[in-house]
Amino acid sequence: FLLAAPPRRGVDDAAASPPAAEPEAAATPVWDETRFVARRSRIDEDLRSGAVIGAGLKAAVLYHTPQLDVAVLQFDVCRGGRPATLSEAAPKQMSYVVTDGEENAVELELHGVRRRLPTHCEVLIPSGCDYIIRNWSRTRVAELITLVP
């Protein structure tokens, strides 16, 4: 049985305590502009370089991750009464934003109902639905951004 004197405040504290661990440096994410920023010049180059996915329809992938795909779709002008058309079945819920084009020239057909879409609007396509998007403008290319979770 051993008796010890109580530690003296401030003098014996440092000796009795183990040294404080150095704080670990926080992991800083690496900023890769080509991965996180889609510049207009790159998008235009991707659209020019042959990303054709249908008659009068081009696409450029902006981002592709396990959680989200983002692409820009470019619909050519209506020629000879035939609009540039995208006709698909949505494998997942999808979102489209009309970012450029002639006002009310982009048409969405969903469940057999056709609606003209104003510029800068967003539409949500439910999972499993067949849909058609058309550009009826004879003077302006239409651009839409699509988001697929």
# chains A, B, ... in the order shown; residues from 1 in each chain; ligands from 1
>>> residues_around(residues="segment 104-106 of chain A", least_positions_apart="2", cutoff="10 Å", atoms="only C-alpha atoms", output="MDAnalysis selection string")
chainID A and resid 75 77:78 83:85 98 100:102 108 115:119 133:138 140:144
>>> closest_residue(among="A:Leu57, A:Ala38, A:Ala90, A:Leu147", to="Gln74 of chain A", atoms="only C-alpha atoms")
A:Leu57
>>> select_by_dssp(residues="segment 40-128 of chain A", states="helix (DSSP H, G or I)", output="VMD selection string")
chain A and resid 40 to 48
>>> residues_around(residues="segment 67-70 of chain A", least_positions_apart="5", cutoff="12 Å", atoms="only C-alpha atoms", output="ChimeraX atom specification")
/A:36,38,43,59-62,92-97,144-149
>>> write_last_selection(atoms="C-alpha atoms", output="compact mmCIF listing (two decimals), in the first residue's frame")
# COMPACT_ATOMS: atom_id res chain seq x y z
CA PHE A 36 -16.66 19.51 -61.51
CA ALA A 38 -18.87 21.88 -67.44
CA ILE A 43 -20.20 21.39 -74.21
CA ALA A 59 -26.12 14.83 -76.73
CA ALA A 60 -23.15 15.69 -74.54
CA VAL A 61 -22.59 14.13 -71.14
CA LEU A 62 -21.87 16.81 -68.54
CA LYS A 92 -35.84 5.75 -63.96
CA GLN A 93 -37.49 8.98 -62.94
CA MET A 94 -35.94 11.71 -65.11
CA SER A 95 -35.94 15.47 -65.14
CA TYR A 96 -35.62 17.78 -68.16
CA VAL A 97 -34.99 21.52 -68.09
CA LEU A 144 -32.54 20.67 -72.70
CA ILE A 145 -30.58 19.43 -69.72
CA THR A 146 -31.53 16.02 -68.40
CA LEU A 147 -30.87 14.68 -64.91
CA VAL A 148 -31.12 10.97 -64.23
CA PRO A 149 -30.61 9.79 -60.65
>>> decode(residues="segment 100-149 of chain A", atoms="C-alpha atoms", output="compact mmCIF listing (two decimals), in the first residue's frame")
# COMPACT_ATOMS: atom_id res chain seq x y z
CA ASP A 100 -32.76 27.38 -74.69
CA GLY A 101 -35.01 27.50 -77.71
CA GLU A 102 -38.01 29.24 -79.19
CA GLU A 103 -40.72 29.93 -76.63
CA ASN A 104 -43.31 27.11 -76.55
CA ALA A 105 -41.72 25.27 -79.50
CA VAL A 106 -40.54 22.29 -77.42
CA GLU A 107 -43.30 19.73 -77.05
CA LEU A 108 -43.56 16.92 -74.50
CA GLU A 109 -45.88 14.00 -75.15
CA LEU A 110 -46.58 11.91 -72.07
CA HIS A 111 -49.41 9.36 -71.77
CA GLY A 112 -50.68 10.51 -75.19
CA VAL A 113 -51.10 14.12 -74.00
CA ARG A 114 -49.06 16.81 -75.77
CA ARG A 115 -47.91 19.97 -73.99
CA ARG A 116 -45.81 22.86 -75.29
CA LEU A 117 -43.08 23.82 -72.85
CA PRO A 118 -41.88 27.35 -72.17
CA THR A 119 -38.17 28.07 -72.00
CA HIS A 120 -36.64 27.63 -68.53
CA CYS A 121 -39.25 25.19 -67.30
CA GLU A 122 -38.57 21.79 -65.78
CA VAL A 123 -40.56 18.61 -66.33
CA LEU A 124 -40.42 15.37 -64.38
CA ILE A 125 -40.86 12.09 -66.25
CA PRO A 126 -42.08 9.28 -63.99
CA SER A 127 -40.19 6.00 -64.01
CA GLY A 128 -41.37 3.51 -66.63
CA CYS A 129 -43.27 6.03 -68.79
CA ASP A 130 -42.99 6.29 -72.55
CA TYR A 131 -42.50 9.86 -73.67
CA ILE A 132 -41.61 11.95 -76.71
CA ILE A 133 -39.90 15.34 -76.86
CA ARG A 134 -39.99 17.37 -80.08
CA ASN A 135 -38.68 20.74 -81.25
CA TRP A 136 -41.20 22.37 -83.61
CA SER A 137 -39.21 25.57 -84.12
CA ARG A 138 -38.18 26.30 -87.69
CA THR A 139 -35.64 28.92 -86.62
CA ARG A 140 -34.04 27.94 -83.28
CA VAL A 141 -32.23 24.91 -81.97
CA ALA A 142 -33.60 23.79 -78.59
CA GLU A 143 -31.42 22.66 -75.70
CA LEU A 144 -32.54 20.67 -72.70
CA ILE A 145 -30.58 19.43 -69.72
CA THR A 146 -31.53 16.02 -68.40
CA LEU A 147 -30.87 14.68 -64.91
CA VAL A 148 -31.12 10.97 -64.23
CA PRO A 149 -30.61 9.79 -60.65
